[in-house]
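Shown next, in structure tokens, is the structure this report addresses.
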Amino acid sequence: MECGIDEWGTGVKTEIAFTAVDYRTVFEAHLKCLCEFREATKKHELLDKICTKLYNVGRYVLTPYVFARRI
């Protein structure tokens, strides 16, 4: 995600290579936030519910796109 945002940072897409060296600290910071959020909301299993919803909606939305690109 962060790399995609960086590519559009100026309003015009520029190719930016996604490398572990450049984005590792960003990934680790996001992961830490997710772990803290999971812990803070574990009583309601909120993160699991959000992940399931994203998976189901994303799968539904992306399926036509994936099939269209195969043609």
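If you're wondering about the labels, chains in the structure tokens are A, B, ... by order shown, residues count from 1 in each chain, ligands from 1 in order shown.
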
Open item on the list: So that I can check the secondary structure, give me every residue of stretch 10-52 of chain A assigned alpha helix (DSSP H) by backbone DSSP, as number ranges by chain.
Closed with: A: 20-40, 46-52

Open item on the list: Give me, as a ChimeraX atom specification, all polymer residues having an atom no more than 12 Å from A:Ile5, counting only C-alpha atoms and skipping those fewer than 3 positions away in the same chain.
Closed with: /A:1-2,8-16,18
